[in-house]
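Quick notes on the structure that follows.
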Amino acid sequence: MKIAIVGAGYVGLSTGLGLASKKHLVICIDIDKEKIEKINRGILPIYEDGMEKLLKKHRGLNFKVSTDISDSKDAEIIFICVGTPTDEKGKMNLNYLKAAAKSTAGIIDKKHKTIVVKSTVLPGTTEEILLPIIEKESGKKVGKDFGLCSNPEFLREGAALKDFLGPDRIIIGEYDKKSGDILEKLYRDFNSPTIRTNIKTAEMIKMASNAFLSTKISFINEIGNICKKLEIDTYEVSRGIGYDKRIAPYFLDSGVGFGGSCFTKDIKSLIEKAREMNYDPKLLKSVTEINTLQKIIIIDLLTKKIGDLKNKKIVVLGLAFKAGTDDIREAPSIDIIRILLEKKARIHTFDPKAQDNMKKIFNEITYSKSAKEALDKADACLILTEWPEFTKLTDKDFSVMKNKTIIEGRRILDKGKVSNFEGICW
Ligand code: UDX
């Protein structure tokens, strides 16, 4: 099928290259000229496992990019994959989405097209905000002249292509049956359970999924905080409860809390929406409170161990919000570094991928070339990202510290190689 993707971010590129790998004809549109030029030269704006290989294979053949939406005029399906960032209060910024809806409307002609919203939005957004823009700008009628669907993505950074090509489920929120049929046909050979529903419900399924996963993490962090006081290893508890099929073993790793652009943003906007509707979302509020608390707990533990942090050399190993990415959006490391700076600690850090991004936020801290270099004469070390290379650290690496105080915010060190360390919840 002929597919257009509006937005060449990680959702747009995973969707576009994923569909190109399924032999569809794909064109990816983005207003960022520099980004498009780079992709045209084979350089991706993000790192995703397997993506470079797919770009190499399909670029110029059945995968093209452009800054001009009119290049996608003959598309049968148009996916809108632009970002929906939130402001401080949790309000979603729909400007990119509205602009995408407007430009998409400009290419609706006599040939039937199905517009599919993949961007994460609050329930009601597609039909109440985007649809009126598309109808007004195109002068066409939904359900008659063009189709409309919501098709949320559940892609994890670092595994986005894998998640796109082998999803646990495909959610199709359809305005009308014809639109849903067209989208279902596109996913025909994905062999994943497909749920067809209305647009608003599909939008809520995405929100609820992220809210539930965040809740699971905050739940296990709360259990972890209790376990710590009782001198119980939380990870053994997670293993014990995870065998229960109703609980499942995933997302039960306690630590410094969740980061990343999605969880924090989506849960904030869902809380905001609930309040707007005069409902007080007590559980969701607690989920974010616990997530904030984890960063205070790790600093309290550090202070308990080494006293006043003023002028102490504190090493932060790991800046990315999770391993396998250079993304630092909402990373626990940001809040932790901020608290350490307030307490006048001297901060030295190391991260194999995320240092350049962090330099844009914190200029006043020291970025090292390796974990070992950072650890030299340190008073304490906090581990905040589960980079596999940190598992290789041994007592010898830590022996350069002035005072061997190691606290894990992510469980990563090997007890056989490192002695005398403790975890935030273990
Ligand atoms: C998430 C969702 O998984 C994905 O479906 C959605 O589309 C986008 O948001 P992502 O942000 O890439 O994906 O990261 P994910 O792997 O889910 O981890 C999120 C955060 O939770 C990370 O900071 C991670 O370290 C943390 N986490 C995860 C835990 O603290 N404990 C866990 O058990 C699992």
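Ordered as shown in the structure tokens, chains take letters A, B, and onward, while each chain numbers its residues from 1 and ligands are numbered from 1 in the order shown.
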Exercise. Tell me, which residues of stretch 343-421 of chain A carry DSSP alpha helix (DSSP H), written as a ChimeraX atom specification?
Worked result: /A:355-359,371-375,388-391,395-398
Problem set entry | Distance query A:Lys295 at most 8 Å, only C-alpha atoms, self and fewer than 2 positions along chain excluded, as an MDAnalysis selection string | chainID A and resid 256:257 291:293 297:299 332 335:336
For this session: Dump the neighbourhood of ligand 1 as a PyMOL selection string: all residues within 7 Å, distances computed on only C-alpha atoms and all ligand atoms.
Result: chain A and resi 153-158+210+217+250-263+321-322+331
Exercise. Near A:Ile78, counting only C-alpha atoms, which residues have an atom at most 9 Å away, once you skip same-chain residues fewer than 2 positions from it, shown as an MDAnalysis selection string?
Worked result: chainID A and resid 2:6 72 75:76 80 104 113:117
Problem set entry | stretch 161-164 of chain A surroundings by only C-alpha atoms, 10 Å radius, close-in-sequence under 6 positions cut, as a PyMOL selection string | chain A and resi 10-11+13-19+48-51+54+153-155+170+190
Problem set entry | Neighbour list for stretch 284-290 of chain A as a PyMOL selection string, cut-off 8 Å, only C-alpha atoms, skip fewer than 2 positions in-chain | chain A and resi 211+214-215+218-219+221-222+264+267+271+281-282+292-294
With all heavy atoms retained, could you export that selection as a JSON list (two decimals), in the first residue's frame?
```json
[["chain", "number", "residue", "atom", "x", "y", "z"],
["A", 211, "ALA", "N", -0.19, 4.53, 32.10],
["A", 211, "ALA", "CA", -0.51, 4.80, 33.52],
["A", 211, "ALA", "C", -0.35, 3.51, 34.34],
["A", 211, "ALA", "O", 0.18, 3.52, 35.44],
["A", 211, "ALA", "CB", -1.93, 5.34, 33.64],
["A", 214, "SER", "N", 3.42, 2.62, 34.76],
["A", 214, "SER", "CA", 4.03, 3.52, 35.75],
["A", 214, "SER", "C", 3.58, 3.12, 37.16],
["A", 214, "SER", "O", 4.36, 3.17, 38.11],
["A", 214, "SER", "CB", 3.63, 4.98, 35.54],
["A", 214, "SER", "OG", 3.50, 5.29, 34.21],
["A", 215, "THR", "N", 2.32, 2.75, 37.26],
["A", 215, "THR", "CA", 1.78, 2.35, 38.57],
["A", 215, "THR", "C", 2.50, 1.10, 39.08],
["A", 215, "THR", "O", 2.83, 0.99, 40.26],
["A", 215, "THR", "CB", 0.26, 2.06, 38.45],
["A", 215, "THR", "OG1", -0.37, 3.23, 37.93],
["A", 215, "THR", "CG2", -0.35, 1.72, 39.80],
["A", 218, "SER", "N", 5.85, 2.23, 40.42],
["A", 218, "SER", "CA", 5.75, 2.91, 41.72],
["A", 218, "SER", "C", 5.30, 1.94, 42.80],
["A", 218, "SER", "O", 5.71, 2.05, 43.95],
["A", 218, "SER", "CB", 4.80, 4.11, 41.64],
["A", 218, "SER", "OG", 5.48, 5.21, 41.07],
["A", 219, "PHE", "N", 4.46, 0.99, 42.44],
["A", 219, "PHE", "CA", 4.04, -0.02, 43.42],
["A", 219, "PHE", "C", 5.25, -0.78, 43.95],
["A", 219, "PHE", "O", 5.47, -0.90, 45.16],
["A", 219, "PHE", "CB", 3.05, -1.01, 42.77],
["A", 219, "PHE", "CG", 2.83, -2.24, 43.61],
["A", 219, "PHE", "CD1", 1.96, -2.22, 44.69],
["A", 219, "PHE", "CD2", 3.54, -3.41, 43.35],
["A", 219, "PHE", "CE1", 1.81, -3.35, 45.49],
["A", 219, "PHE", "CE2", 3.39, -4.53, 44.13],
["A", 219, "PHE", "CZ", 2.52, -4.50, 45.21],
["A", 221, "ASN", "N", 8.31, 0.09, 43.84],
["A", 221, "ASN", "CA", 9.21, 0.98, 44.57],
["A", 221, "ASN", "C", 8.71, 1.19, 45.99],
["A", 221, "ASN", "O", 9.50, 1.26, 46.93],
["A", 221, "ASN", "CB", 9.36, 2.32, 43.83],
["A", 221, "ASN", "CG", 10.31, 2.18, 42.64],
["A", 221, "ASN", "OD1", 11.12, 1.26, 42.59],
["A", 221, "ASN", "ND2", 10.21, 3.08, 41.68],
["A", 222, "GLU", "N", 7.40, 1.28, 46.15],
["A", 222, "GLU", "CA", 6.85, 1.43, 47.50],
["A", 222, "GLU", "C", 7.12, 0.16, 48.32],
["A", 222, "GLU", "O", 7.59, 0.23, 49.46],
["A", 222, "GLU", "CB", 5.36, 1.72, 47.44],
["A", 222, "GLU", "CG", 4.73, 1.80, 48.81],
["A", 222, "GLU", "CD", 3.72, 2.93, 48.92],
["A", 222, "GLU", "OE1", 4.15, 4.08, 49.14],
["A", 222, "GLU", "OE2", 2.53, 2.66, 48.78],
["A", 264, "THR", "N", 6.08, 9.97, 32.28],
["A", 264, "THR", "CA", 5.89, 11.16, 33.11],
["A", 264, "THR", "C", 4.87, 12.09, 32.45],
["A", 264, "THR", "O", 3.96, 12.59, 33.10],
["A", 264, "THR", "CB", 7.24, 11.89, 33.27],
["A", 264, "THR", "OG1", 8.23, 10.90, 33.47],
["A", 264, "THR", "CG2", 7.23, 12.87, 34.39],
["A", 267, "ILE", "N", 1.14, 10.47, 32.24],
["A", 267, "ILE", "CA", 0.45, 10.39, 33.53],
["A", 267, "ILE", "C", 0.06, 11.79, 34.01],
["A", 267, "ILE", "O", -1.04, 12.01, 34.52],
["A", 267, "ILE", "CB", 1.27, 9.58, 34.57],
["A", 267, "ILE", "CG1", 0.36, 8.98, 35.61],
["A", 267, "ILE", "CG2", 2.35, 10.37, 35.20],
["A", 267, "ILE", "CD1", 0.97, 7.85, 36.37],
["A", 271, "ILE", "N", -3.80, 13.05, 34.72],
["A", 271, "ILE", "CA", -4.19, 13.64, 36.01],
["A", 271, "ILE", "C", -4.88, 14.98, 35.76],
["A", 271, "ILE", "O", -5.95, 15.28, 36.31],
["A", 271, "ILE", "CB", -2.94, 13.84, 36.92],
["A", 271, "ILE", "CG1", -2.40, 12.48, 37.40],
["A", 271, "ILE", "CG2", -3.24, 14.77, 38.10],
["A", 271, "ILE", "CD1", -1.09, 12.54, 38.15],
["A", 281, "PRO", "N", -7.78, 12.11, 40.80],
["A", 281, "PRO", "CA", -7.16, 10.80, 40.54],
["A", 281, "PRO", "C", -6.10, 10.45, 41.59],
["A", 281, "PRO", "O", -4.91, 10.59, 41.36],
["A", 281, "PRO", "CB", -6.52, 11.00, 39.16],
["A", 281, "PRO", "CG", -6.22, 12.46, 39.11],
["A", 281, "PRO", "CD", -7.15, 13.18, 40.01],
["A", 282, "LYS", "N", -6.57, 9.97, 42.74],
["A", 282, "LYS", "CA", -5.69, 9.76, 43.91],
["A", 282, "LYS", "C", -4.54, 8.79, 43.62],
["A", 282, "LYS", "O", -3.40, 9.02, 43.99],
["A", 282, "LYS", "CB", -6.52, 9.23, 45.08],
["A", 282, "LYS", "CG", -7.43, 10.28, 45.69],
["A", 282, "LYS", "CD", -7.99, 9.75, 47.00],
["A", 282, "LYS", "CE", -8.71, 10.81, 47.81],
["A", 282, "LYS", "NZ", -9.75, 11.54, 47.11],
["A", 292, "THR", "N", 8.84, 10.68, 42.47],
["A", 292, "THR", "CA", 9.67, 11.82, 42.91],
["A", 292, "THR", "C", 10.42, 11.44, 44.19],
["A", 292, "THR", "O", 11.60, 11.76, 44.37],
["A", 292, "THR", "CB", 8.76, 13.05, 43.18],
["A", 292, "THR", "OG1", 8.02, 13.29, 42.00],
["A", 292, "THR", "CG2", 9.56, 14.28, 43.54],
["A", 293, "LEU", "N", 9.71, 10.74, 45.07],
["A", 293, "LEU", "CA", 10.29, 10.36, 46.36],
["A", 293, "LEU", "C", 11.55, 9.51, 46.23],
["A", 293, "LEU", "O", 12.50, 9.65, 47.01],
["A", 293, "LEU", "CB", 9.22, 9.59, 47.16],
["A", 293, "LEU", "CG", 9.54, 9.25, 48.60],
["A", 293, "LEU", "CD1", 9.63, 10.53, 49.43],
["A", 293, "LEU", "CD2", 8.47, 8.33, 49.19],
["A", 294, "GLN", "N", 11.58, 8.64, 45.22],
["A", 294, "GLN", "CA", 12.73, 7.73, 45.09],
["A", 294, "GLN", "C", 14.04, 8.51, 44.98],
["A", 294, "GLN", "O", 15.07, 8.08, 45.48],
["A", 294, "GLN", "CB", 12.57, 6.84, 43.83],
["A", 294, "GLN", "CG", 11.45, 5.81, 43.93],
["A", 294, "GLN", "CD", 11.44, 5.04, 45.21],
["A", 294, "GLN", "OE1", 10.69, 5.36, 46.13],
["A", 294, "GLN", "NE2", 12.26, 4.01, 45.32]]
```
Problem set entry | Residues within 9 Å of stretch 200-203 of chain A, only C-alpha atoms, excluding chain neighbours under 6 positions, as number ranges by chain | A: 120-127, 150-152, 171-174
For the selection you just gave me, I'd like the residues written to a file as a PDB file, in the first residue's frame, keeping N, CA, C and O atoms.
```pdb
ATOM      1  N   THR A 120       0.427  10.232  20.774  1.00  0.00           N
ATOM      2  CA  THR A 120      -0.315   9.984  22.014  1.00  0.00           C
ATOM      3  C   THR A 120      -1.118  11.221  22.393  1.00  0.00           C
ATOM      4  O   THR A 120      -0.573  12.308  22.533  1.00  0.00           O
ATOM      5  N   VAL A 121      -2.429  11.013  22.542  1.00  0.00           N
ATOM      6  CA  VAL A 121      -3.303  12.150  22.881  1.00  0.00           C
ATOM      7  C   VAL A 121      -4.341  11.739  23.927  1.00  0.00           C
ATOM      8  O   VAL A 121      -4.618  10.550  24.108  1.00  0.00           O
ATOM      9  N   LEU A 122      -4.904  12.709  24.579  1.00  0.00           N
ATOM     10  CA  LEU A 122      -5.963  12.423  25.553  1.00  0.00           C
ATOM     11  C   LEU A 122      -7.230  12.011  24.814  1.00  0.00           C
ATOM     12  O   LEU A 122      -7.459  12.466  23.686  1.00  0.00           O
ATOM     13  N   PRO A 123      -8.060  11.157  25.450  1.00  0.00           N
ATOM     14  CA  PRO A 123      -9.290  10.730  24.798  1.00  0.00           C
ATOM     15  C   PRO A 123     -10.132  11.925  24.347  1.00  0.00           C
ATOM     16  O   PRO A 123     -10.322  12.872  25.107  1.00  0.00           O
ATOM     17  N   GLY A 124     -10.575  11.864  23.131  1.00  0.00           N
ATOM     18  CA  GLY A 124     -11.425  12.944  22.595  1.00  0.00           C
ATOM     19  C   GLY A 124     -10.668  13.869  21.647  1.00  0.00           C
ATOM     20  O   GLY A 124     -11.284  14.555  20.836  1.00  0.00           O
ATOM     21  N   THR A 125      -9.336  13.867  21.726  1.00  0.00           N
ATOM     22  CA  THR A 125      -8.556  14.842  20.945  1.00  0.00           C
ATOM     23  C   THR A 125      -8.762  14.691  19.436  1.00  0.00           C
ATOM     24  O   THR A 125      -8.974  15.674  18.726  1.00  0.00           O
ATOM     25  N   THR A 126      -8.689  13.457  18.938  1.00  0.00           N
ATOM     26  CA  THR A 126      -8.774  13.255  17.484  1.00  0.00           C
ATOM     27  C   THR A 126     -10.111  13.766  16.939  1.00  0.00           C
ATOM     28  O   THR A 126     -10.154  14.522  15.966  1.00  0.00           O
ATOM     29  N   GLU A 127     -11.206  13.361  17.610  1.00  0.00           N
ATOM     30  CA  GLU A 127     -12.515  13.726  17.059  1.00  0.00           C
ATOM     31  C   GLU A 127     -12.928  15.156  17.378  1.00  0.00           C
ATOM     32  O   GLU A 127     -13.579  15.823  16.584  1.00  0.00           O
ATOM     33  N   SER A 150      -7.621   6.055  15.059  1.00  0.00           N
ATOM     34  CA  SER A 150      -6.564   6.235  16.062  1.00  0.00           C
ATOM     35  C   SER A 150      -5.874   4.880  16.149  1.00  0.00           C
ATOM     36  O   SER A 150      -6.526   3.844  16.172  1.00  0.00           O
ATOM     37  N   ASN A 151      -4.549   4.899  16.118  1.00  0.00           N
ATOM     38  CA  ASN A 151      -3.814   3.631  16.150  1.00  0.00           C
ATOM     39  C   ASN A 151      -2.572   3.827  17.040  1.00  0.00           C
ATOM     40  O   ASN A 151      -1.469   4.038  16.560  1.00  0.00           O
ATOM     41  N   PRO A 152      -2.811   3.840  18.375  1.00  0.00           N
ATOM     42  CA  PRO A 152      -1.706   4.165  19.284  1.00  0.00           C
ATOM     43  C   PRO A 152      -0.541   3.196  19.165  1.00  0.00           C
ATOM     44  O   PRO A 152      -0.716   2.034  18.808  1.00  0.00           O
ATOM     45  N   ILE A 171      -4.141  -1.871  18.251  1.00  0.00           N
ATOM     46  CA  ILE A 171      -5.394  -1.198  18.616  1.00  0.00           C
ATOM     47  C   ILE A 171      -5.833  -0.314  17.449  1.00  0.00           C
ATOM     48  O   ILE A 171      -5.087   0.562  17.012  1.00  0.00           O
ATOM     49  N   ILE A 172      -7.034  -0.579  16.976  1.00  0.00           N
ATOM     50  CA  ILE A 172      -7.577   0.246  15.893  1.00  0.00           C
ATOM     51  C   ILE A 172      -8.841   0.948  16.396  1.00  0.00           C
ATOM     52  O   ILE A 172      -9.860   0.303  16.659  1.00  0.00           O
ATOM     53  N   GLY A 173      -8.724   2.244  16.562  1.00  0.00           N
ATOM     54  CA  GLY A 173      -9.905   3.029  16.924  1.00  0.00           C
ATOM     55  C   GLY A 173     -10.425   3.636  15.635  1.00  0.00           C
ATOM     56  O   GLY A 173      -9.715   4.381  14.977  1.00  0.00           O
ATOM     57  N   GLU A 174     -11.659   3.293  15.255  1.00  0.00           N
ATOM     58  CA  GLU A 174     -12.121   3.702  13.922  1.00  0.00           C
ATOM     59  C   GLU A 174     -13.314   4.642  13.971  1.00  0.00           C
ATOM     60  O   GLU A 174     -14.186   4.492  14.820  1.00  0.00           O
TER      61      GLU A 174
END
```
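Shortest atom-to-atom contact with A:Gly324 among A:Val237, A:Leu413, A:Ile424, A:Ala159: A:Ala159, counting only C-alpha atoms.
For A:Ala323, the list of residues within 9 Å, based on only C-alpha atoms and with local chain neighbours fewer than 3 positions off taken out, reads A:Gly158, A:Gly318, A:Ala320, A:Asp326, A:Thr385, A:Glu386, A:Trp387, A:Pro388.
Between atom CA of A:Ser209 and atom CA of A:Leu319 the separation is 25.7 Å.
Distance-wise, atom CA of A:Trp426 and atom CA of A:Thr234 end up 5.7 Å apart.
Each of A:Ile46, A:Gly12, A:Lys305, A:Leu61 was compared to A:His24 using only C-alpha atoms, and A:Leu61 turns out to be the nearest.
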Set out as JSON lines a contact list for stretch 357-400 of chain A and stretch 337-347 of chain A with a cut-off of 10 Å, giving each residue of stretch 357-400 of chain A that qualifies its closest atom pair and distance in Å to one decimal, counting only C-alpha atoms, ordered by chain and rising residue number.
```
{"residue": "A:Phe362", "atom": "CA", "partner": "A:Ile337", "partner_atom": "CA", "distance": 8.6}
{"residue": "A:Glu364", "atom": "CA", "partner": "A:Ile347", "partner_atom": "CA", "distance": 8.6}
{"residue": "A:Ile365", "atom": "CA", "partner": "A:Ile347", "partner_atom": "CA", "distance": 5.4}
{"residue": "A:Thr366", "atom": "CA", "partner": "A:Ile347", "partner_atom": "CA", "distance": 6.2}
{"residue": "A:Tyr367", "atom": "CA", "partner": "A:Ile347", "partner_atom": "CA", "distance": 8.7}
{"residue": "A:Ala374", "atom": "CA", "partner": "A:Ile347", "partner_atom": "CA", "distance": 9.2}
{"residue": "A:Ala378", "atom": "CA", "partner": "A:Arg346", "partner_atom": "CA", "distance": 9.4}
{"residue": "A:Asp379", "atom": "CA", "partner": "A:Arg346", "partner_atom": "CA", "distance": 9.7}
{"residue": "A:Cys381", "atom": "CA", "partner": "A:Ile347", "partner_atom": "CA", "distance": 9.9}
```
Go ahead and write the selection's residues with N, CA and C atoms as a CSV table (one decimal), in the first residue's frame.
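Output contents, as saved in part22.csv:
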```
chain,number,residue,atom,x,y,z
A,362,PHE,N,23.5,20.6,32.3
A,362,PHE,CA,24.5,20.9,33.4
A,362,PHE,C,25.9,21.1,32.8
A,364,GLU,N,28.1,22.8,34.7
A,364,GLU,CA,29.0,23.0,35.9
A,364,GLU,C,29.5,21.7,36.5
A,365,ILE,N,29.1,20.5,35.9
A,365,ILE,CA,29.6,19.3,36.5
A,365,ILE,C,30.7,18.7,35.6
A,366,THR,N,31.4,17.7,36.2
A,366,THR,CA,32.5,17.1,35.4
A,366,THR,C,32.1,15.9,34.7
A,367,TYR,N,32.4,15.8,33.4
A,367,TYR,CA,32.1,14.6,32.6
A,367,TYR,C,33.4,13.9,32.3
A,374,ALA,N,36.1,8.7,36.6
A,374,ALA,CA,35.2,9.5,37.4
A,374,ALA,C,35.4,9.1,38.9
A,378,ALA,N,36.9,9.6,44.8
A,378,ALA,CA,35.5,10.0,45.1
A,378,ALA,C,35.1,9.6,46.5
A,379,ASP,N,34.1,10.4,47.0
A,379,ASP,CA,33.6,10.1,48.4
A,379,ASP,C,32.5,9.1,48.3
A,381,CYS,N,29.6,6.9,45.3
A,381,CYS,CA,29.1,6.7,43.9
A,381,CYS,C,27.7,6.3,43.8
```
Exercise. Out of A:Asp68, A:Glu137, A:Val418, A:Asn225, which residue has the shortest atom-to-atom distance to A:Lys98 when counting only C-alpha atoms?
Worked result: A:Glu137
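Within stretch 77-191 of chain A, residues classed as strand (DSSP E) by DSSP on backbone coordinates are A:Ile77, A:Ile78, A:Phe79, A:Ile80, A:Lys113, A:Thr114, A:Ile115, A:Val116, A:Val117, A:Phe146, A:Gly147, A:Leu148, A:Cys149, A:Ser150, A:Ile170, A:Ile171, A:Ile172, A:Gly173, A:Glu174.
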